[in-house]
Every structure is written in C-alpha cells, then in structure tokens.
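Asker: Input structure: my_file.csv, which contains CSV, N, CA and C atoms.
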chain,number,residue,atom,x,y,z
F,1,MET,N,-9.3,-22.0,15.1
F,1,MET,CA,-9.5,-20.6,15.3
F,1,MET,C,-10.7,-20.1,14.5
F,2,ALA,N,-11.5,-19.3,15.1
F,2,ALA,CA,-12.7,-18.8,14.4
F,2,ALA,C,-12.4,-17.8,13.4
F,3,GLU,N,-13.1,-17.8,12.3
F,3,GLU,CA,-12.9,-16.8,11.3
F,3,GLU,C,-13.6,-15.5,11.7
F,4,TRP,N,-13.0,-14.4,11.3
F,4,TRP,CA,-13.6,-13.1,11.5
F,4,TRP,C,-13.1,-12.1,10.4
F,5,THR,N,-13.9,-11.0,10.3
F,5,THR,CA,-13.5,-10.0,9.4
F,5,THR,C,-13.5,-8.6,10.1
F,6,PHE,N,-13.0,-7.6,9.4
F,6,PHE,CA,-13.0,-6.3,10.0
F,6,PHE,C,-14.3,-5.6,9.9
F,7,LEU,N,-15.1,-6.0,8.9
F,7,LEU,CA,-16.4,-5.4,8.6
F,7,LEU,C,-17.5,-6.3,9.0
F,8,THR,N,-18.6,-5.8,9.6
F,8,THR,CA,-19.7,-6.6,9.9
F,8,THR,C,-20.5,-7.0,8.7
F,9,ASN,N,-21.4,-7.9,8.8
F,9,ASN,CA,-22.2,-8.4,7.7
F,9,ASN,C,-23.1,-7.2,7.2
F,10,HIS,N,-23.5,-6.3,8.1
F,10,HIS,CA,-24.3,-5.2,7.7
F,10,HIS,C,-23.5,-4.3,6.8
F,11,ALA,N,-22.2,-4.0,7.1
F,11,ALA,CA,-21.4,-3.2,6.2
F,11,ALA,C,-21.2,-3.9,4.9
F,12,ARG,N,-20.9,-5.2,4.9
F,12,ARG,CA,-20.7,-5.9,3.7
F,12,ARG,C,-21.9,-6.0,2.8
F,13,ALA,N,-23.1,-6.1,3.5
F,13,ALA,CA,-24.4,-6.1,2.7
F,13,ALA,C,-24.5,-4.7,2.0
F,14,LEU,N,-24.2,-3.6,2.7
F,14,LEU,CA,-24.2,-2.3,2.1
F,14,LEU,C,-23.3,-2.2,0.9
F,15,VAL,N,-22.2,-2.8,0.9
F,15,VAL,CA,-21.3,-2.9,-0.2
F,15,VAL,C,-22.0,-3.6,-1.4
F,16,CYS,N,-22.6,-4.7,-1.1
F,16,CYS,CA,-23.3,-5.5,-2.1
F,16,CYS,C,-24.4,-4.6,-2.8
F,17,ILE,N,-25.2,-3.9,-1.9
F,17,ILE,CA,-26.2,-3.0,-2.4
F,17,ILE,C,-25.7,-1.9,-3.2
F,18,ALA,N,-24.6,-1.3,-2.8
F,18,ALA,CA,-23.9,-0.2,-3.5
F,18,ALA,C,-23.5,-0.7,-4.9
F,19,ASP,N,-23.0,-1.9,-5.0
F,19,ASP,CA,-22.5,-2.5,-6.2
F,19,ASP,C,-23.7,-2.8,-7.2
F,20,ASP,N,-24.8,-3.2,-6.7
F,20,ASP,CA,-26.0,-3.5,-7.5
F,20,ASP,C,-27.3,-3.2,-6.7
F,21,PRO,N,-27.9,-2.1,-6.9
F,21,PRO,CA,-29.1,-1.7,-6.2
F,21,PRO,C,-30.3,-2.7,-6.4
F,22,GLY,N,-30.2,-3.5,-7.4
F,22,GLY,CA,-31.2,-4.5,-7.7
F,22,GLY,C,-30.8,-5.9,-7.2
F,23,VAL,N,-29.8,-6.0,-6.4
F,23,VAL,CA,-29.3,-7.3,-5.9
F,23,VAL,C,-30.4,-8.1,-5.2
F,24,ARG,N,-30.4,-9.4,-5.4
F,24,ARG,CA,-31.4,-10.3,-4.7
F,24,ARG,C,-30.8,-10.7,-3.3
F,25,LEU,N,-31.7,-11.0,-2.4
F,25,LEU,CA,-31.3,-11.4,-1.1
F,25,LEU,C,-30.4,-12.7,-1.2
F,26,ARG,N,-30.8,-13.6,-2.1
F,26,ARG,CA,-30.0,-14.8,-2.2
F,26,ARG,C,-28.6,-14.5,-2.6
F,27,ASP,N,-28.4,-13.5,-3.5
F,27,ASP,CA,-27.0,-13.1,-3.9
F,27,ASP,C,-26.3,-12.5,-2.8
F,28,ILE,N,-26.9,-11.6,-2.0
F,28,ILE,CA,-26.3,-11.1,-0.8
F,28,ILE,C,-25.8,-12.2,0.1
F,29,ALA,N,-26.7,-13.1,0.4
F,29,ALA,CA,-26.5,-14.3,1.3
F,29,ALA,C,-25.3,-15.1,0.8
F,30,ALA,N,-25.2,-15.4,-0.5
F,30,ALA,CA,-24.2,-16.1,-1.1
F,30,ALA,C,-22.8,-15.4,-1.0
F,31,THR,N,-22.8,-14.1,-1.3
F,31,THR,CA,-21.6,-13.3,-1.2
F,31,THR,C,-21.1,-13.3,0.2
F,32,LEU,N,-22.0,-13.1,1.2
F,32,LEU,CA,-21.5,-13.0,2.6
F,32,LEU,C,-21.3,-14.4,3.3
F,33,GLY,N,-21.8,-15.4,2.6
F,33,GLY,CA,-21.7,-16.8,3.3
F,33,GLY,C,-22.6,-16.9,4.4
F,34,ILE,N,-23.9,-16.4,4.3
F,34,ILE,CA,-24.9,-16.5,5.3
F,34,ILE,C,-26.2,-17.0,4.7
F,35,THR,N,-27.2,-17.3,5.5
F,35,THR,CA,-28.4,-17.8,5.0
F,35,THR,C,-29.2,-16.6,4.4
F,36,GLU,N,-30.2,-17.0,3.6
F,36,GLU,CA,-31.1,-15.9,3.0
F,36,GLU,C,-31.9,-15.3,4.1
F,37,ARG,N,-32.2,-16.0,5.1
F,37,ARG,CA,-33.0,-15.5,6.3
F,37,ARG,C,-32.2,-14.4,7.0
F,38,SER,N,-30.9,-14.7,7.2
F,38,SER,CA,-30.0,-13.7,7.8
F,38,SER,C,-29.8,-12.5,6.9
F,39,ALA,N,-29.7,-12.7,5.6
F,39,ALA,CA,-29.6,-11.6,4.7
F,39,ALA,C,-30.8,-10.7,4.7
F,40,PHE,N,-32.0,-11.4,4.8
F,40,PHE,CA,-33.3,-10.6,4.9
F,40,PHE,C,-33.3,-9.8,6.2
F,41,GLY,N,-32.8,-10.4,7.3
F,41,GLY,CA,-32.8,-9.7,8.6
F,41,GLY,C,-31.8,-8.5,8.5
F,42,ILE,N,-30.7,-8.6,7.9
F,42,ILE,CA,-29.7,-7.5,7.8
F,42,ILE,C,-30.3,-6.4,6.9
F,43,VAL,N,-30.9,-6.7,5.8
F,43,VAL,CA,-31.5,-5.7,4.9
F,43,VAL,C,-32.7,-5.0,5.6
F,44,THR,N,-33.4,-5.8,6.4
F,44,THR,CA,-34.5,-5.2,7.2
F,44,THR,C,-34.0,-4.2,8.2
F,45,ASP,N,-32.9,-4.6,8.9
F,45,ASP,CA,-32.3,-3.7,9.9
F,45,ASP,C,-31.8,-2.4,9.2
F,46,LEU,N,-31.2,-2.5,8.1
F,46,LEU,CA,-30.7,-1.3,7.4
F,46,LEU,C,-31.9,-0.5,6.9
F,47,THR,N,-32.9,-1.1,6.5
F,47,THR,CA,-34.1,-0.4,6.0
F,47,THR,C,-34.8,0.3,7.2
F,48,GLU,N,-35.0,-0.4,8.3
F,48,GLU,CA,-35.7,0.2,9.4
F,48,GLU,C,-34.9,1.3,10.0
F,49,ALA,N,-33.6,1.2,10.0
F,49,ALA,CA,-32.7,2.3,10.5
F,49,ALA,C,-32.6,3.5,9.5
F,50,GLY,N,-33.2,3.3,8.3
F,50,GLY,CA,-33.2,4.4,7.4
F,50,GLY,C,-32.0,4.5,6.5
F,51,TYR,N,-31.0,3.6,6.6
F,51,TYR,CA,-29.9,3.7,5.8
F,51,TYR,C,-30.1,3.2,4.3
F,52,VAL,N,-31.1,2.4,4.1
F,52,VAL,CA,-31.5,1.9,2.8
F,52,VAL,C,-33.0,2.1,2.6
F,53,VAL,N,-33.4,2.6,1.4
F,53,VAL,CA,-34.8,2.7,1.1
F,53,VAL,C,-35.1,1.6,0.1
F,54,LYS,N,-36.1,0.8,0.3
F,54,LYS,CA,-36.5,-0.3,-0.5
F,54,LYS,C,-37.7,0.1,-1.4
F,55,ASN,N,-37.6,-0.1,-2.7
F,55,ASN,CA,-38.7,0.1,-3.6
F,55,ASN,C,-39.0,-1.2,-4.3
F,56,LYS,N,-40.3,-1.5,-4.5
F,56,LYS,CA,-40.7,-2.6,-5.2
F,56,LYS,C,-40.8,-2.3,-6.7
F,57,GLU,N,-40.1,-3.1,-7.6
F,57,GLU,CA,-40.2,-2.9,-9.0
F,57,GLU,C,-40.6,-4.3,-9.6
F,58,GLY,N,-41.9,-4.4,-9.9
F,58,GLY,CA,-42.4,-5.7,-10.3
F,58,GLY,C,-42.3,-6.7,-9.2
F,59,ARG,N,-41.6,-7.8,-9.5
F,59,ARG,CA,-41.4,-8.8,-8.4
F,59,ARG,C,-40.1,-8.7,-7.7
F,60,ARG,N,-39.3,-7.7,-8.1
F,60,ARG,CA,-38.0,-7.5,-7.4
F,60,ARG,C,-38.0,-6.2,-6.6
F,61,ASN,N,-37.1,-6.2,-5.7
F,61,ASN,CA,-36.8,-5.0,-4.9
F,61,ASN,C,-35.6,-4.2,-5.5
F,62,ARG,N,-35.7,-3.0,-5.4
F,62,ARG,CA,-34.6,-2.1,-5.7
F,62,ARG,C,-34.2,-1.2,-4.5
F,63,TYR,N,-33.0,-1.1,-4.2
F,63,TYR,CA,-32.5,-0.5,-3.0
F,63,TYR,C,-31.8,0.9,-3.3
F,64,ARG,N,-31.9,1.8,-2.4
F,64,ARG,CA,-31.3,3.1,-2.6
F,64,ARG,C,-30.6,3.4,-1.2
F,65,ILE,N,-29.3,3.6,-1.2
F,65,ILE,CA,-28.6,3.9,0.0
F,65,ILE,C,-28.7,5.4,0.3
F,66,GLN,N,-29.0,5.7,1.5
F,66,GLN,CA,-29.0,7.1,2.0
F,66,GLN,C,-27.6,7.5,2.5
F,67,ALA,N,-26.8,7.8,1.5
F,67,ALA,CA,-25.4,8.1,1.7
F,67,ALA,C,-25.1,9.3,2.6
F,68,HIS,N,-26.0,10.2,2.8
F,68,HIS,CA,-25.8,11.4,3.6
F,68,HIS,C,-25.9,11.1,5.1
F,69,LEU,N,-26.4,10.0,5.5
F,69,LEU,CA,-26.6,9.7,6.9
F,69,LEU,C,-25.3,9.4,7.6
F,70,PRO,N,-25.2,9.8,8.9
F,70,PRO,CA,-24.0,9.4,9.6
F,70,PRO,C,-23.9,7.9,10.0
F,71,LEU,N,-22.8,7.4,10.2
F,71,LEU,CA,-22.6,6.1,10.7
F,71,LEU,C,-23.3,5.9,12.0
F,72,ARG,N,-23.7,4.7,12.4
F,72,ARG,CA,-24.4,4.5,13.6
F,72,ARG,C,-23.6,4.8,14.9
F,73,GLN,N,-22.4,4.4,15.0
F,73,GLN,CA,-21.5,4.6,16.1
F,73,GLN,C,-20.3,5.3,15.6
F,74,ALA,N,-20.2,6.6,15.7
F,74,ALA,CA,-19.1,7.3,15.2
F,74,ALA,C,-18.0,7.3,16.2
F,75,VAL,N,-16.7,7.3,15.7
F,75,VAL,CA,-15.6,7.5,16.6
F,75,VAL,C,-15.0,8.8,16.2
F,76,GLY,N,-15.1,9.8,17.0
F,76,GLY,CA,-14.7,11.1,16.7
F,76,GLY,C,-15.7,11.8,15.8
F,77,ARG,N,-15.2,12.4,14.7
F,77,ARG,CA,-16.1,13.1,13.7
F,77,ARG,C,-17.1,12.1,13.2
F,78,GLN,N,-18.3,12.6,12.8
F,78,GLN,CA,-19.4,11.7,12.3
F,78,GLN,C,-19.3,11.5,10.8
F,79,PRO,N,-18.6,10.5,10.4
F,79,PRO,CA,-18.5,10.2,8.9
F,79,PRO,C,-19.9,9.7,8.4
F,80,THR,N,-20.2,9.9,7.1
F,80,THR,CA,-21.4,9.5,6.6
F,80,THR,C,-21.3,8.1,6.0
F,81,ILE,N,-22.4,7.5,5.7
F,81,ILE,CA,-22.4,6.2,5.0
F,81,ILE,C,-21.7,6.3,3.6
F,82,GLY,N,-22.0,7.4,2.9
F,82,GLY,CA,-21.4,7.7,1.6
F,82,GLY,C,-19.9,7.7,1.7
F,83,GLU,N,-19.3,8.4,2.8
F,83,GLU,CA,-17.9,8.4,2.9
F,83,GLU,C,-17.3,7.1,3.2
F,84,MET,N,-18.0,6.2,4.0
F,84,MET,CA,-17.5,4.9,4.2
F,84,MET,C,-17.5,4.1,3.0
F,85,LEU,N,-18.6,4.2,2.2
F,85,LEU,CA,-18.7,3.4,1.0
F,85,LEU,C,-17.7,3.9,-0.1
F,86,GLY,N,-17.4,5.2,0.0
F,86,GLY,CA,-16.3,5.7,-0.9
F,86,GLY,C,-15.0,5.0,-0.7
F,87,LEU,N,-14.7,4.6,0.6
F,87,LEU,CA,-13.5,3.9,0.9
F,87,LEU,C,-13.5,2.4,0.4
F,88,LEU,N,-14.7,1.8,0.4
F,88,LEU,CA,-14.9,0.4,0.1
F,88,LEU,C,-15.3,0.1,-1.3
F,89,VAL,N,-15.9,1.1,-2.0
F,89,VAL,CA,-16.4,0.9,-3.3
F,89,VAL,C,-15.9,1.9,-4.2
F,90,ASP,N,-15.6,1.5,-5.5
F,90,ASP,CA,-15.0,2.5,-6.5
F,90,ASP,C,-16.1,3.4,-7.0
F,91,THR,N,-16.4,4.5,-6.3
F,91,THR,CA,-17.4,5.5,-6.7
F,91,THR,C,-16.7,6.8,-6.8
F,92,GLN,N,-17.2,7.6,-7.8
F,92,GLN,CA,-16.7,9.0,-7.9
F,92,GLN,C,-17.6,9.9,-7.0
F,93,THR,N,-18.9,9.6,-6.9
F,93,THR,CA,-19.9,10.3,-6.2
F,93,THR,C,-20.8,9.4,-5.4
F,94,THR,N,-21.5,9.8,-4.4
F,94,THR,CA,-22.4,8.9,-3.7
F,94,THR,C,-23.6,8.5,-4.6
F,95,GLU,N,-23.9,9.3,-5.7
F,95,GLU,CA,-24.9,8.9,-6.6
F,95,GLU,C,-24.6,7.6,-7.4
F,96,SER,N,-23.3,7.5,-7.7
F,96,SER,CA,-22.9,6.3,-8.4
F,96,SER,C,-23.0,5.0,-7.6
F,97,ALA,N,-23.1,5.2,-6.2
F,97,ALA,CA,-23.2,4.0,-5.4
F,97,ALA,C,-24.7,3.5,-5.4
F,98,GLN,N,-25.6,4.3,-6.1
F,98,GLN,CA,-26.9,3.9,-6.2
F,98,GLN,C,-27.2,3.3,-7.6
F,99,LEU,N,-26.3,3.4,-8.5
F,99,LEU,CA,-26.5,2.9,-9.8
F,99,LEU,C,-25.8,1.6,-10.1
F,100,PRO,N,-26.5,0.6,-10.7
F,100,PRO,CA,-25.8,-0.7,-11.0
F,100,PRO,C,-24.8,-0.5,-12.1
F,101,ASP,N,-23.8,-1.4,-12.1
F,101,ASP,CA,-22.9,-1.5,-13.2
F,101,ASP,C,-23.6,-1.8,-14.5
F,102,GLN,N,-23.3,-1.1,-15.6
F,102,GLN,CA,-23.9,-1.4,-16.9
F,102,GLN,C,-23.2,-2.5,-17.7
F,103,GLU,N,-22.0,-2.7,-17.3
F,103,GLU,CA,-21.2,-3.7,-18.1
F,103,GLU,C,-21.1,-5.0,-17.3
F,104,GLY,N,-20.9,-6.1,-18.0
F,104,GLY,CA,-20.8,-7.4,-17.4
F,104,GLY,C,-19.3,-7.6,-17.0
F,105,GLU,N,-19.1,-8.8,-16.4
F,105,GLU,CA,-17.7,-9.1,-16.0
F,105,GLU,C,-16.9,-9.8,-17.2
F,106,SER,N,-17.6,-10.1,-18.3
F,106,SER,CA,-16.9,-10.7,-19.4
F,106,SER,C,-15.9,-9.8,-20.1
F,107,ASP,N,-15.8,-8.6,-19.7
F,107,ASP,CA,-14.9,-7.6,-20.4
F,107,ASP,C,-13.5,-7.7,-19.8
F,108,GLY,N,-13.2,-8.6,-18.9
F,108,GLY,CA,-11.9,-8.7,-18.4
F,108,GLY,C,-11.5,-7.7,-17.3
F,109,ARG,N,-12.5,-7.0,-16.8
F,109,ARG,CA,-12.2,-6.0,-15.7
F,109,ARG,C,-11.8,-6.8,-14.4
F,110,ALA,N,-11.3,-6.0,-13.5
F,110,ALA,CA,-11.0,-6.5,-12.2
F,110,ALA,C,-12.2,-7.1,-11.5
F,111,PRO,N,-12.0,-7.9,-10.4
F,111,PRO,CA,-13.2,-8.5,-9.7
F,111,PRO,C,-14.2,-7.4,-9.3
F,112,THR,N,-15.5,-7.8,-9.3
F,112,THR,CA,-16.5,-6.9,-8.9
F,112,THR,C,-16.4,-6.5,-7.5
F,113,ARG,N,-17.1,-5.4,-7.2
F,113,ARG,CA,-17.2,-5.0,-5.8
F,113,ARG,C,-17.8,-6.0,-4.9
F,114,ALA,N,-18.8,-6.7,-5.4
F,114,ALA,CA,-19.4,-7.8,-4.6
F,114,ALA,C,-18.4,-8.8,-4.2
F,115,ARG,N,-17.5,-9.2,-5.1
F,115,ARG,CA,-16.4,-10.1,-4.7
F,115,ARG,C,-15.5,-9.5,-3.7
F,116,ARG,N,-15.2,-8.2,-3.8
F,116,ARG,CA,-14.4,-7.6,-2.9
F,116,ARG,C,-15.1,-7.5,-1.5
F,117,ALA,N,-16.4,-7.3,-1.5
F,117,ALA,CA,-17.1,-7.3,-0.2
F,117,ALA,C,-17.0,-8.7,0.4
F,118,ALA,N,-17.1,-9.8,-0.4
F,118,ALA,CA,-17.0,-11.1,0.2
F,118,ALA,C,-15.6,-11.3,0.8
F,119,ALA,N,-14.6,-10.7,0.3
F,119,ALA,CA,-13.2,-10.8,0.8
F,119,ALA,C,-13.0,-10.0,2.0
F,120,LEU,N,-13.8,-9.0,2.3
F,120,LEU,CA,-13.6,-8.2,3.5
F,120,LEU,C,-14.1,-8.9,4.6
Kindly present the structure from the file in structure tokens form.

Answerer:
Amino acid sequence: MAEWTFLTNHARALVCIADDPGVRLRDIAATLGITERSAFGIVTDLTEAGYVVKNKEGRRNRYRIQAHLPLRQAVGRQPTIGEMLGLLVDTQTTESAQLPDQEGESDGRAPTRARRAAAL
C-alpha cells in the first residue's frame, strides 16, 4: 500500500518555515523525506505564488510567510495561510510564525514543530 498524508508537501514545507524562518532547504528535504531539488521546487512555488517572501542574509536565505493571504483553493469561506498555520503550529499570533524558536531542544520540551510536520 502506498504511503500518503493529509497535507501536501507544500503545506508541510510551510510548517517547517513557520517553525524556523532560517531553515535550510536540506533540512526541509530531510523533514519531508524528499530530495533537496524537490524542496527547492516547493519553496520556489510558494515564493512565486507570493505565500513566502525570501530574503538573502549573507549566504543563507530567510523566509517570511505572508499569513494574511487566502489559501489557494478554498472550500467555503476563504481561510488565510495564517489561520491554517495556527491549527498546525503552536503560535499565538501570525507574527510568531515568522520568528524562529530561541531555545534549543535540550530543555526537554515536546517535539519541535518540524518533527510534527514530518509526522503529518
């Protein structure tokens, strides 16, 4: 039987970016179980559609999610990206979806959002 998930890799990549706006493509790829080339294509799709803004900081990219935008294919009312991420990511506001966690995992907290994204 083929494996499947409820969320597309595009949505799961958004969760990775919400968890860490400075995430590397190789980390997105590893979390989603896809190639770096596929991760690049997904982030490019999200950027070209306007859902993610990419800024260069030195040699790294930093991403900012445009949480106010509606989902691509709405069913009924037009929910926003921020509302969807609010269901998937522990955020109090859409602004916190743009900020990286300041603490590491060594403090015994629950699994990171990136790990939860991998499980979705």

Asker: Take CA of Leu88 in chain F and CA of Thr47 in chain F and report the distance between them in Å, one decimal.

Answerer: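 We find that CA of Leu88 in chain F and CA of Thr47 in chain F lie 20.1 Å from each other.
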
Asker: Counting all atoms listed in the file, which residue out of F:Lys54, F:Arg26, F:Gly82, F:Arg12 sits closest to Gln66 in chain F?

Answerer: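 The closest residue to Gln66 in chain F is F:Gly82.
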
Asker: When you count all atoms listed in the file, which of these residues is closest to Leu25 in chain F: F:Val53, F:Glu83, F:Phe40, F:Ala13?

Answerer: F:Phe40

Asker: Distance atom N of Met84 in chain F-CA of Asp19 in chain F, one decimal place?

Answerer: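 For atom N of Met84 in chain F relative to CA of Asp19 in chain F, the distance reads 14.1 Å.
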
Asker: So how many Å separate atom N of Ile81 in chain F and atom N of Gly58 in chain F, to one decimal?

Answerer: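 These two atoms are separated by 27.7 Å.
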
Asker: List every protein, DNA or RNA residue that has an atom no more than 6.5 Å from (-22.4, 1.0, 1.2) in the file's coordinate frame, counting all atoms listed in the file, and report them as a compact mmCIF listing (two decimals) with N, CA and C atoms, in the frame of the given file.

Answerer:
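Written out: result.txt:
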# COMPACT_ATOMS: atom_id res chain seq x y z
N ALA F 11 -22.20 -4.00 7.10
CA ALA F 11 -21.40 -3.20 6.20
C ALA F 11 -21.20 -3.90 4.90
N ALA F 13 -23.10 -6.10 3.50
CA ALA F 13 -24.40 -6.10 2.70
C ALA F 13 -24.50 -4.70 2.00
N LEU F 14 -24.20 -3.60 2.70
CA LEU F 14 -24.20 -2.30 2.10
C LEU F 14 -23.30 -2.20 0.90
N VAL F 15 -22.20 -2.80 0.90
CA VAL F 15 -21.30 -2.90 -0.20
C VAL F 15 -22.00 -3.60 -1.40
N CYS F 16 -22.60 -4.70 -1.10
CA CYS F 16 -23.30 -5.50 -2.10
C CYS F 16 -24.40 -4.60 -2.80
N ILE F 17 -25.20 -3.90 -1.90
CA ILE F 17 -26.20 -3.00 -2.40
C ILE F 17 -25.70 -1.90 -3.20
N ALA F 18 -24.60 -1.30 -2.80
CA ALA F 18 -23.90 -0.20 -3.50
C ALA F 18 -23.50 -0.70 -4.90
N ILE F 81 -22.40 7.50 5.70
CA ILE F 81 -22.40 6.20 5.00
C ILE F 81 -21.70 6.30 3.60
N MET F 84 -18.00 6.20 4.00
CA MET F 84 -17.50 4.90 4.20
C MET F 84 -17.50 4.10 3.00
N LEU F 85 -18.60 4.20 2.20
CA LEU F 85 -18.70 3.40 1.00
C LEU F 85 -17.70 3.90 -0.10
